[in-house]
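Here's upload_39.txt, which has compact mmCIF, C-alpha atoms and all ligand atoms:
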# COMPACT_ATOMS: atom_id res chain seq x y z
CA MET O 277 26.97 -2.67 -1.32
CA ARG O 278 23.28 -2.21 -0.51
CA VAL O 279 22.03 1.37 -0.57
CA PHE O 280 19.18 3.05 1.29
CA ASN O 281 16.30 2.72 -1.16
CA PHE O 282 13.52 5.29 -0.75
CA SER O 283 11.53 4.03 -3.76
CA ALA O 284 7.74 4.38 -3.64
CA GLY O 285 7.40 0.95 -5.20
CA PRO O 286 8.57 -1.65 -5.95
CA ALA O 287 10.30 -0.87 -2.71
CA VAL O 288 12.87 -1.99 -0.19
CA LEU O 289 12.39 -5.39 1.45
CA PRO O 290 13.80 -6.41 4.84
CA GLU O 291 17.35 -7.68 4.42
CA ASP O 292 16.54 -10.71 6.59
CA VAL O 293 13.80 -11.64 4.14
CA LEU O 294 16.12 -11.44 1.14
CA LYS O 295 18.75 -13.51 2.93
CA LYS O 296 16.26 -16.18 3.90
CA ALA O 297 14.90 -16.26 0.34
CA ALA O 298 18.46 -16.56 -0.99
CA SER O 299 19.21 -19.43 1.36
CA GLU O 300 16.11 -21.27 0.12
CA LEU O 301 16.38 -20.24 -3.51
CA LEU O 302 17.86 -23.46 -4.88
CA GLU O 303 16.11 -25.82 -2.54
CA TYR O 304 13.13 -25.11 -0.32
CA LYS O 305 13.48 -27.17 2.86
CA ASP O 306 13.89 -30.80 1.77
CA SER O 307 11.78 -30.53 -1.34
CA GLY O 308 14.69 -30.73 -3.79
CA GLN O 309 13.36 -27.72 -5.68
CA SER O 310 12.92 -23.97 -5.58
CA VAL O 311 9.54 -22.53 -4.58
CA MET O 312 9.54 -20.99 -8.07
CA GLU O 313 9.61 -24.46 -9.62
CA MET O 314 6.87 -26.03 -7.53
CA SER O 315 3.49 -27.02 -8.79
CA HIS O 316 0.94 -24.78 -7.13
CA ARG O 317 -1.10 -27.96 -6.56
CA SER O 318 1.73 -29.74 -4.72
CA LYS O 319 1.54 -30.60 -1.04
CA GLU O 320 4.61 -28.43 -0.33
CA TYR O 321 3.09 -25.38 -1.97
CA GLY O 322 -0.30 -26.04 -0.37
CA GLU O 323 1.41 -25.76 3.00
CA ILE O 324 3.13 -22.52 2.00
CA ILE O 325 -0.01 -20.73 0.80
CA SER O 326 -2.15 -21.84 3.73
CA SER O 327 0.47 -20.80 6.27
CA VAL O 328 0.88 -17.40 4.57
CA GLU O 329 -2.88 -16.85 4.70
CA ALA O 330 -3.05 -17.93 8.35
CA ARG O 331 -0.19 -15.59 9.28
CA PHE O 332 -1.70 -12.70 7.35
CA ARG O 333 -5.05 -13.20 9.10
CA LYS O 334 -3.40 -13.39 12.50
CA ILE O 335 -1.19 -10.33 12.07
CA LEU O 336 -3.98 -8.15 10.65
CA ASN O 337 -6.62 -9.66 12.91
CA VAL O 338 -8.89 -10.51 9.96
CA PRO O 339 -12.31 -11.69 11.22
CA ASP O 340 -13.67 -15.10 10.12
CA ASN O 341 -16.37 -13.54 7.93
CA TYR O 342 -13.74 -12.10 5.56
CA LYS O 343 -11.86 -13.90 2.80
CA VAL O 344 -8.25 -13.15 1.99
CA LEU O 345 -7.56 -13.49 -1.74
CA PHE O 346 -4.18 -13.64 -3.47
CA LEU O 347 -4.70 -12.17 -6.93
CA GLN O 348 -2.77 -10.60 -9.80
CA GLY O 349 -3.28 -7.52 -11.94
CA GLY O 350 -2.15 -4.99 -9.34
CA ALA O 351 -4.24 -2.53 -7.39
CA SER O 352 -5.18 -1.13 -10.78
CA LEU O 353 -7.23 -4.19 -11.71
CA GLN O 354 -9.14 -3.77 -8.45
CA PHE O 355 -10.29 -0.34 -9.68
CA ALA O 356 -12.42 -2.36 -12.16
CA MET O 357 -13.09 -5.56 -10.20
CA ILE O 358 -14.62 -3.67 -7.30
CA PRO O 359 -17.42 -1.96 -9.28
CA LEU O 360 -17.93 -5.09 -11.43
CA ASN O 361 -18.49 -7.27 -8.38
CA LEU O 362 -20.17 -4.88 -5.95
CA LYS O 363 -22.58 -3.31 -8.43
CA LYS O 364 -26.23 -3.75 -7.39
CA ASN O 365 -27.99 -0.37 -7.43
CA GLY O 366 -25.48 0.87 -10.00
CA LYS O 367 -23.91 3.78 -8.11
CA ALA O 368 -20.95 4.38 -5.84
CA ASP O 369 -19.31 7.27 -3.95
CA TYR O 370 -15.62 8.15 -4.33
CA VAL O 371 -13.33 10.55 -2.48
CA ILE O 372 -10.69 12.03 -4.77
CA THR O 373 -7.48 12.47 -2.78
CA GLY O 374 -4.92 11.91 -5.50
CA GLN O 375 -4.00 10.19 -8.70
CA TRP O 376 -4.79 6.65 -7.58
CA ALA O 377 -8.12 7.62 -6.05
CA ASN O 378 -8.92 9.42 -9.29
CA LYS O 379 -7.96 6.43 -11.40
CA ALA O 380 -10.25 4.25 -9.31
CA TYR O 381 -13.04 6.79 -9.83
CA ASN O 382 -12.50 6.95 -13.61
CA GLU O 383 -12.55 3.18 -13.86
CA GLY O 384 -15.70 3.09 -11.72
CA LYS O 385 -17.39 5.48 -14.13
CA LYS O 386 -17.07 2.91 -16.90
CA ILE O 387 -19.12 0.42 -14.91
CA LEU O 388 -21.57 2.39 -12.79
CA GLU O 389 -22.61 5.89 -11.80
CA ALA O 390 -19.58 7.10 -9.84
CA ASN O 391 -20.03 10.20 -7.69
CA ALA O 392 -17.12 12.24 -6.37
CA VAL O 393 -18.30 13.30 -2.89
CA ALA O 394 -15.17 15.28 -2.07
CA SER O 395 -11.79 16.17 -3.56
CA SER O 396 -8.56 17.83 -2.51
CA LYS O 397 -7.47 18.63 -6.06
CA ASP O 398 -7.71 22.41 -5.43
CA LYS O 399 -4.51 22.27 -3.35
CA THR O 400 -2.62 19.61 -5.32
CA PHE O 401 -3.99 16.87 -3.06
CA SER O 402 -1.97 18.12 -0.10
CA TYR O 403 -4.73 17.39 2.42
CA ILE O 404 -7.59 14.99 3.16
CA PRO O 405 -10.91 16.80 2.62
CA GLU O 406 -13.50 17.06 5.38
CA LEU O 407 -16.30 14.63 4.61
CA ASP O 408 -19.91 15.68 4.97
CA SER O 409 -21.88 12.48 5.55
CA SER O 410 -25.12 14.18 4.45
CA LYS O 411 -23.64 14.05 0.94
CA PHE O 412 -23.12 10.28 1.08
CA ASP O 413 -25.55 8.27 -1.03
CA LYS O 414 -27.37 5.80 1.24
CA ASP O 415 -28.06 3.55 -1.73
CA ALA O 416 -24.50 3.50 -3.01
CA ASP O 417 -23.09 0.04 -3.64
CA PHE O 418 -19.85 1.08 -1.95
CA PHE O 419 -17.86 4.10 -0.77
CA HIS O 420 -14.29 4.21 -2.06
CA ILE O 421 -11.26 5.85 -0.47
CA CYS O 422 -7.50 5.65 -0.89
CA ALA O 423 -6.19 5.20 2.66
CA ASN O 424 -2.67 6.47 1.97
CA ASN O 425 -1.91 8.66 -1.02
CA THR O 426 1.49 7.45 -2.16
CA ILE O 427 2.25 10.32 -4.53
CA TYR O 428 1.12 13.25 -2.37
CA GLY O 429 2.00 11.90 1.07
CA THR O 430 -1.37 12.14 2.80
CA ARG O 431 -3.35 9.59 4.74
CA TYR O 432 -6.62 9.16 6.58
CA THR O 433 -6.31 9.10 10.32
CA ASP O 434 -10.08 8.64 10.84
CA PHE O 435 -12.06 6.56 8.40
CA PRO O 436 -15.52 7.77 7.38
CA ASP O 437 -18.53 6.06 8.91
CA THR O 438 -20.50 4.96 5.86
CA LYS O 439 -23.15 3.09 7.85
CA ASN O 440 -24.61 0.28 5.74
CA VAL O 441 -22.67 1.22 2.63
CA PRO O 442 -19.51 -0.94 2.42
CA LEU O 443 -16.35 1.11 2.84
CA VAL O 444 -13.77 0.06 0.24
CA ALA O 445 -10.17 1.17 0.62
CA ASP O 446 -6.97 1.10 -1.36
CA PHE O 447 -4.28 0.20 1.19
CA SER O 448 -1.51 -0.37 -1.36
CA SER O 449 1.01 1.89 0.33
CA CYS O 450 0.07 1.47 4.00
CA ILE O 451 -1.06 -2.11 4.53
CA LEU O 452 0.80 -3.76 7.45
CA SER O 453 2.23 -0.39 8.53
CA GLU O 454 0.00 -0.24 11.61
CA PRO O 455 -2.95 -2.13 13.11
CA VAL O 456 -6.27 -1.57 11.34
CA ASP O 457 -9.84 -2.41 12.36
CA ILE O 458 -10.87 -4.59 9.42
CA THR O 459 -14.51 -4.62 10.56
CA LYS O 460 -14.87 -0.98 9.46
CA PHE O 461 -14.38 -2.06 5.87
CA GLY O 462 -16.26 -4.12 3.33
CA LEU O 463 -13.16 -4.56 1.22
CA ILE O 464 -9.48 -3.66 1.48
CA TYR O 465 -7.04 -4.16 -1.37
CA ALA O 466 -3.33 -3.63 -1.87
CA GLY O 467 -0.65 -4.33 -4.42
CA ALA O 468 2.24 -6.13 -2.73
CA GLN O 469 5.14 -4.10 -4.06
CA LYS O 470 5.14 -1.36 -1.42
CA ASN O 471 4.90 -2.98 1.96
CA MET O 472 4.38 -6.70 1.38
CA GLY O 473 6.72 -8.19 -1.19
CA PRO O 474 7.52 -8.25 -4.90
CA ALA O 475 5.26 -6.87 -7.63
CA GLY O 476 2.81 -9.31 -9.17
CA LEU O 477 0.75 -10.15 -6.10
CA THR O 478 -2.36 -8.23 -5.04
CA VAL O 479 -4.11 -8.99 -1.76
CA VAL O 480 -7.86 -8.48 -1.32
CA ILE O 481 -9.63 -8.74 2.04
CA ILE O 482 -13.35 -8.99 1.36
CA ARG O 483 -16.38 -9.47 3.62
CA ASP O 484 -18.30 -12.65 2.74
CA ASP O 485 -21.59 -10.93 1.90
CA LEU O 486 -19.86 -8.95 -0.88
CA ILE O 487 -18.85 -12.12 -2.69
CA ARG O 488 -21.69 -12.72 -5.10
CA ASP O 489 -22.56 -15.14 -7.82
CA LEU O 490 -22.47 -12.94 -10.90
CA GLY O 491 -23.42 -15.64 -13.37
CA ASP O 492 -22.31 -14.89 -16.89
CA SER O 493 -22.32 -11.11 -16.45
CA VAL O 494 -18.65 -10.90 -15.43
CA PRO O 495 -15.68 -12.80 -16.91
CA THR O 496 -14.66 -15.73 -14.69
CA MET O 497 -11.26 -14.32 -13.73
CA LEU O 498 -12.77 -10.97 -12.71
CA SER O 499 -15.22 -12.47 -10.24
CA TYR O 500 -14.25 -12.54 -6.55
CA LYS O 501 -16.40 -15.65 -6.16
CA THR O 502 -14.17 -17.57 -8.56
CA HIS O 503 -11.12 -16.88 -6.43
CA ALA O 504 -12.88 -17.24 -3.08
CA ASP O 505 -14.40 -20.62 -4.03
CA ASN O 506 -11.02 -21.92 -5.14
CA GLY O 507 -8.78 -20.67 -2.33
CA SER O 508 -6.99 -18.30 -4.75
CA MET O 509 -6.13 -21.38 -6.84
CA PHE O 510 -8.60 -21.13 -9.71
CA ASN O 511 -5.58 -20.64 -11.90
CA THR O 512 -1.88 -20.38 -11.07
CA PRO O 513 -1.46 -17.77 -8.33
CA PRO O 514 1.75 -15.66 -8.10
CA THR O 515 3.42 -18.47 -6.17
CA TYR O 516 6.79 -16.93 -5.45
CA GLY O 517 5.33 -13.55 -4.47
CA ILE O 518 3.05 -15.28 -1.96
CA TYR O 519 6.05 -17.13 -0.51
CA ILE O 520 7.98 -13.85 -0.11
CA LEU O 521 4.92 -12.28 1.55
CA GLY O 522 5.14 -15.18 4.01
CA LEU O 523 8.74 -14.30 4.82
CA VAL O 524 7.79 -10.63 5.25
CA LEU O 525 4.99 -11.62 7.63
CA GLU O 526 7.40 -13.79 9.59
CA TRP O 527 9.76 -10.80 9.81
CA ILE O 528 6.90 -8.59 11.07
CA GLU O 529 6.06 -11.19 13.72
CA ASN O 530 9.68 -11.49 14.81
CA ASN O 531 9.82 -7.70 15.12
CA GLY O 532 6.82 -7.26 17.37
CA GLY O 533 3.85 -7.29 14.99
CA LEU O 534 1.87 -4.33 13.73
CA ALA O 535 1.92 -2.39 17.01
CA ALA O 536 5.72 -2.35 16.85
CA MET O 537 5.64 -1.50 13.12
CA LYS O 538 3.43 1.49 13.91
CA GLU O 539 5.74 2.69 16.67
CA ARG O 540 8.81 2.38 14.46
CA ASN O 541 7.07 4.00 11.50
CA GLU O 542 5.93 6.93 13.66
CA LYS O 543 9.45 7.36 14.96
CA LYS O 544 10.97 7.35 11.46
CA ALA O 545 8.36 9.77 10.09
CA ALA O 546 8.73 12.13 13.07
CA MET O 547 12.50 12.25 12.55
CA LEU O 548 12.08 13.40 8.97
CA TYR O 549 9.11 15.75 9.55
CA ASP O 550 10.86 17.38 12.54
CA PHE O 551 13.90 18.05 10.44
CA LEU O 552 11.80 19.42 7.55
CA ASP O 553 9.79 21.68 9.87
CA ASN O 554 13.00 23.22 11.24
CA SER O 555 14.94 23.41 8.00
CA LYS O 556 15.70 26.70 6.27
CA LEU O 557 16.13 24.94 2.94
CA PHE O 558 13.74 22.00 2.82
CA LYS O 559 10.00 22.10 3.33
CA ALA O 560 7.37 19.35 3.66
CA THR O 561 4.48 19.73 1.21
CA VAL O 562 1.88 18.34 3.63
CA SER O 563 1.10 19.71 7.06
CA GLY O 564 -1.06 18.62 9.96
CA LYS O 565 -2.52 15.27 10.81
CA ALA O 566 -2.92 14.10 7.21
CA ARG O 567 0.83 13.56 6.96
CA SER O 568 1.62 10.07 5.73
CA LEU O 569 3.87 7.79 7.75
CA MET O 570 4.95 6.02 4.59
CA ASN O 571 5.57 8.63 1.87
CA ILE O 572 7.05 12.01 2.70
CA PRO O 573 7.27 14.54 -0.15
CA PHE O 574 9.42 17.64 0.27
CA ILE O 575 10.86 20.50 -1.77
CA THR O 576 13.50 23.20 -1.63
CA GLY O 577 11.39 25.57 -3.74
CA ASN O 578 14.15 25.67 -6.35
CA GLU O 579 14.04 23.04 -9.09
CA GLU O 580 17.76 23.24 -9.83
CA LEU O 581 18.57 22.70 -6.18
CA ASP O 582 16.11 19.78 -6.03
CA LYS O 583 17.95 18.17 -8.94
CA LYS O 584 21.31 18.76 -7.32
CA PHE O 585 20.07 17.25 -4.08
CA ILE O 586 18.66 14.14 -5.76
CA SER O 587 21.87 13.58 -7.68
CA GLU O 588 24.20 14.11 -4.71
CA ALA O 589 21.99 11.94 -2.52
CA LYS O 590 22.22 9.15 -5.08
CA ASP O 591 26.01 9.38 -5.10
CA ALA O 592 25.95 9.14 -1.31
CA GLY O 593 23.85 5.94 -1.36
CA PHE O 594 20.30 7.31 -0.94
CA ILE O 595 18.41 6.29 -4.06
CA ASN O 596 14.97 6.95 -5.55
CA LEU O 597 14.36 10.25 -3.77
CA LYS O 598 12.95 11.94 -6.84
CA GLY O 599 9.31 12.98 -6.40
CA HIS O 600 6.58 11.57 -8.64
CA ARG O 601 6.73 13.04 -12.14
CA SER O 602 3.35 14.73 -11.58
CA VAL O 603 4.50 16.75 -8.54
CA GLY O 604 8.28 17.14 -8.81
CA GLY O 605 10.52 17.81 -5.82
CA MET O 606 11.55 14.91 -3.62
CA ARG O 607 9.78 12.08 -1.87
CA ALA O 608 11.14 9.69 0.72
CA SER O 609 9.14 6.48 0.94
CA ILE O 610 9.89 4.90 4.29
CA TYR O 611 7.94 1.66 4.37
CA ASN O 612 8.24 -0.98 7.11
CA ALA O 613 11.47 -2.33 5.66
CA MET O 614 13.30 1.01 5.75
CA PRO O 615 15.50 0.80 8.85
CA VAL O 616 15.55 3.67 11.37
CA GLU O 617 19.23 4.19 10.48
CA GLY O 618 18.23 4.81 6.87
CA VAL O 619 16.16 7.82 7.91
CA GLN O 620 18.80 8.92 10.43
CA HIS O 621 21.50 8.92 7.76
CA LEU O 622 19.22 10.69 5.28
CA VAL O 623 18.52 13.48 7.77
CA GLU O 624 22.25 13.86 8.44
CA PHE O 625 22.89 14.05 4.72
CA MET O 626 20.14 16.67 4.30
CA LYS O 627 21.62 18.76 7.14
CA LYS O 628 24.99 18.73 5.45
CA PHE O 629 23.44 19.62 2.09
CA GLU O 630 21.60 22.49 3.73
CA GLU O 631 24.83 23.87 5.24
CA ASP O 632 26.66 23.59 1.93
CA ASN O 633 23.89 25.23 -0.07
CA ALA O 634 22.56 27.88 2.30
C1 LIG O 701 1.13 1.89 -6.36
C2 LIG O 701 -0.29 2.17 -6.10
C3 LIG O 701 -1.31 1.74 -6.97
C4 LIG O 701 -1.02 1.03 -8.27
O1 LIG O 701 -0.66 -0.26 -8.03
P1 LIG O 701 -0.42 -1.30 -9.23
O2 LIG O 701 -0.16 -2.54 -8.46
O3 LIG O 701 0.74 -0.80 -10.02
O4 LIG O 701 -1.66 -1.36 -10.04
C5 LIG O 701 -2.62 1.99 -6.62
N1 LIG O 701 -2.93 2.65 -5.49
C6 LIG O 701 -1.98 3.08 -4.63
C7 LIG O 701 -2.39 3.80 -3.40
C8 LIG O 701 -0.65 2.86 -4.92
O5 LIG O 701 0.30 3.30 -4.06

Go ahead and render the structure in this file as structure tokens.
Ligand SMILES: *Cc1c(COP(=O)(O)O)cnc(C)c1O
Amino acid sequence: MRVFNFSAGPAVLPEDVLKKAASELLEYKDSGQSVMEMSHRSKEYGEIISSVEARFRKILNVPDNYKVLFLQGGASLQFAMIPLNLKKNGKADYVITGQWANKAYNEGKKILEANAVASSKDKTFSYIPELDSSKFDKDADFFHICANNTIYGTRYTDFPDTKNVPLVADFSSCILSEPVDITKFGLIYAGAQKNMGPAGLTVVIIRDDLIRDLGDSVPTMLSYKTHADNGSMFNTPPTYGIYILGLVLEWIENNGGLAAMKERNEKKAAMLYDFLDNSKLFKATVSGKARSLMNIPFITGNEELDKKFISEAKDAGFINLKGHRSVGGMRASIYNAMPVEGVQHLVEFMKKFEEDNA
């Protein structure tokens, strides 16, 4: 029996997607083979990857002057690729809103002069700091933010205006969760395993002018130009992951596109936040407009009770509710593929737990 999976990543996928993948697992259409077995240079696979890219562009409204790259190495490799490729003046600004943002910053420091313009570390990253644009470096090569902070459950609702400095954003845990104005960004990147598909695929959306010929200064595989010039086929791309992304995109389309995703995600998040705000036992760790729609951390204030809750929830079919090891407590990740009923049932379970443990 399938459970309700609240994992932060790799995370739940739409059941329709898994069923379609299962039905095509042995033989994709009339090709006589599985997508996993196909040459990435074959005509069949060529059609798959180009249709996935076209669908991705359409759904996210990606302008023509941006490339969409299908890479590997996770969001974590982008922490290094971004400074390697965008470095010109040798400095960049970073906002530190959590562990991933901080990892990006630390990796940046190895390659250029990385400046932390703001941080929310003083309150365990439970908010998005106010940004004072007079502190932004006008000569920075880029300005880096993490759009949704998976571990702490915060997100940007307004993106900073960085003028001529390219805004670079980690969208790993919020891509495809709502419409986004791509033109505000120089580069957006995201690992697939939260909202797009299986682990192993990383998607980069990059504005053409940021794709530079780096000559021999950067290893071939770490250069965006290599991948852009070769349609993400310089070497073998994560073929099956790209195919599953295609099925996820098809599912998004069939379910009303990103506007409908946003509406559904807001509804799910509101259900859980409303319950938390009225509970005598549970409490959300983030308040106000920075609350994430995707990752919702909460606590009882009593570690033993947290443990009991996580264990009883698991027995009742709600798995992966344990908070990140760095913060403790609980966290419900409710990505696109988490059905409304999943959140409904979780809230009912929490109500019952609250009554039994008051
Ligand atoms: C999960 C996550 C990462 C790390 O992704 P990998 O693909 O494991 O490298 C980075 N940033 C954010 C915001 C994440 O949620």

Atom-to-atom span, atom CA of O:Ala445 and atom CA of O:Ala423, Å: 6.0 Å

For atom CA of O:Thr515 and atom CA of O:Glu313, the interatomic separation in Å (one decimal): 9.3 Å

Protein and nucleic acid residues within 9 Å of ligand LIG 701 (chain O) (only C-alpha atoms and all ligand atoms) as a VMD selection string: chain O and resid 284 to 286 348 to 355 374 to 377 379 to 380 422 to 427 446 to 450 465 to 470 475 to 478

Counting all atoms listed in the file, the residue of O:Ser568, O:Ser326, O:Thr433, O:Asn541 that sits nearest O:Gly522: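 The shortest atom-to-atom distance to O:Gly522 comes from O:Ser326.
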
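Distances to O:Lys628 were evaluated for O:Pro474, O:Ile610, O:Leu557, O:Asn571 using all atoms listed in the file, and the minimum falls at O:Leu557.
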
Shell around O:Gly618 at 10 Å using all atoms listed in the file, local window under 2 positions removed, as number ranges by chain: O: 279-282, 544, 594, 610, 613-616, 620-623

Atom pair atom CA of O:Leu463 / atom CA of O:Pro290: separation (Å):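 Interatomic distance, atom CA of O:Leu463 to atom CA of O:Pro290: 27.3 Å.
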
Nearest to O:Met472, chosen from O:Ala608, O:Ile421, O:Ile528, O:Leu581, with all atoms listed in the file counted in the distances: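 Ranked by minimum distance to O:Met472, first place goes to O:Ile528.
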
Return stretch 406-415 of chain O, completed with all heavy atoms, as a compact mmCIF listing (two decimals), keeping the file's coordinate frame.
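File produced: out16.txt:
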# COMPACT_ATOMS: atom_id res chain seq x y z
N GLU O 406 -12.47 17.35 4.38
CA GLU O 406 -13.50 17.06 5.38
C GLU O 406 -14.65 16.35 4.66
O GLU O 406 -15.02 16.76 3.54
CB GLU O 406 -14.05 18.36 5.98
CG GLU O 406 -13.14 19.02 7.00
CD GLU O 406 -12.99 18.18 8.27
OE1 GLU O 406 -13.97 17.52 8.67
OE2 GLU O 406 -11.87 18.19 8.83
N LEU O 407 -15.22 15.35 5.27
CA LEU O 407 -16.30 14.63 4.61
C LEU O 407 -17.63 14.94 5.28
O LEU O 407 -17.75 14.84 6.51
CB LEU O 407 -16.02 13.12 4.63
CG LEU O 407 -14.77 12.70 3.86
CD1 LEU O 407 -14.56 11.19 3.98
CD2 LEU O 407 -14.86 13.09 2.39
N ASP O 408 -18.58 15.34 4.48
CA ASP O 408 -19.91 15.68 4.97
C ASP O 408 -20.83 14.49 4.69
O ASP O 408 -21.22 14.24 3.55
CB ASP O 408 -20.38 16.94 4.22
CG ASP O 408 -21.82 17.30 4.55
OD1 ASP O 408 -22.42 16.60 5.40
OD2 ASP O 408 -22.32 18.27 3.96
N SER O 409 -21.16 13.74 5.76
CA SER O 409 -21.88 12.48 5.55
C SER O 409 -23.28 12.69 4.97
O SER O 409 -23.88 11.76 4.45
CB SER O 409 -21.93 11.67 6.85
OG SER O 409 -22.61 12.41 7.83
N SER O 410 -23.80 13.94 5.05
CA SER O 410 -25.12 14.18 4.45
C SER O 410 -25.03 14.10 2.92
O SER O 410 -26.06 13.97 2.24
CB SER O 410 -25.66 15.54 4.89
OG SER O 410 -24.94 16.58 4.26
N LYS O 411 -23.82 14.16 2.40
CA LYS O 411 -23.64 14.05 0.94
C LYS O 411 -23.46 12.59 0.48
O LYS O 411 -23.42 12.31 -0.71
CB LYS O 411 -22.40 14.85 0.49
CG LYS O 411 -22.61 16.35 0.48
CD LYS O 411 -21.49 17.01 -0.30
CE LYS O 411 -21.56 18.52 -0.19
NZ LYS O 411 -20.20 19.11 -0.24
N PHE O 412 -23.32 11.69 1.45
CA PHE O 412 -23.12 10.28 1.08
C PHE O 412 -24.44 9.70 0.58
O PHE O 412 -25.50 9.95 1.16
CB PHE O 412 -22.66 9.44 2.28
CG PHE O 412 -21.34 9.85 2.90
CD1 PHE O 412 -20.60 10.92 2.42
CD2 PHE O 412 -20.84 9.14 3.99
CE1 PHE O 412 -19.39 11.28 3.00
CE2 PHE O 412 -19.63 9.49 4.58
CZ PHE O 412 -18.90 10.57 4.09
N ASP O 413 -24.36 8.92 -0.48
CA ASP O 413 -25.55 8.27 -1.03
C ASP O 413 -25.85 7.00 -0.23
O ASP O 413 -25.04 6.07 -0.20
CB ASP O 413 -25.27 7.93 -2.50
CG ASP O 413 -26.50 7.38 -3.21
OD1 ASP O 413 -27.43 6.92 -2.52
OD2 ASP O 413 -26.51 7.42 -4.45
N LYS O 414 -27.03 6.96 0.40
CA LYS O 414 -27.37 5.80 1.24
C LYS O 414 -27.59 4.53 0.43
O LYS O 414 -27.57 3.43 0.96
CB LYS O 414 -28.63 6.11 2.07
CG LYS O 414 -28.36 7.07 3.20
CD LYS O 414 -29.64 7.42 3.97
CE LYS O 414 -29.41 8.59 4.90
NZ LYS O 414 -29.03 9.85 4.20
N ASP O 415 -27.84 4.72 -0.86
CA ASP O 415 -28.06 3.55 -1.73
C ASP O 415 -26.84 3.19 -2.56
O ASP O 415 -26.93 2.38 -3.48
CB ASP O 415 -29.24 3.81 -2.67
CG ASP O 415 -30.53 4.03 -1.90
OD1 ASP O 415 -30.72 3.31 -0.90
OD2 ASP O 415 -31.31 4.92 -2.27
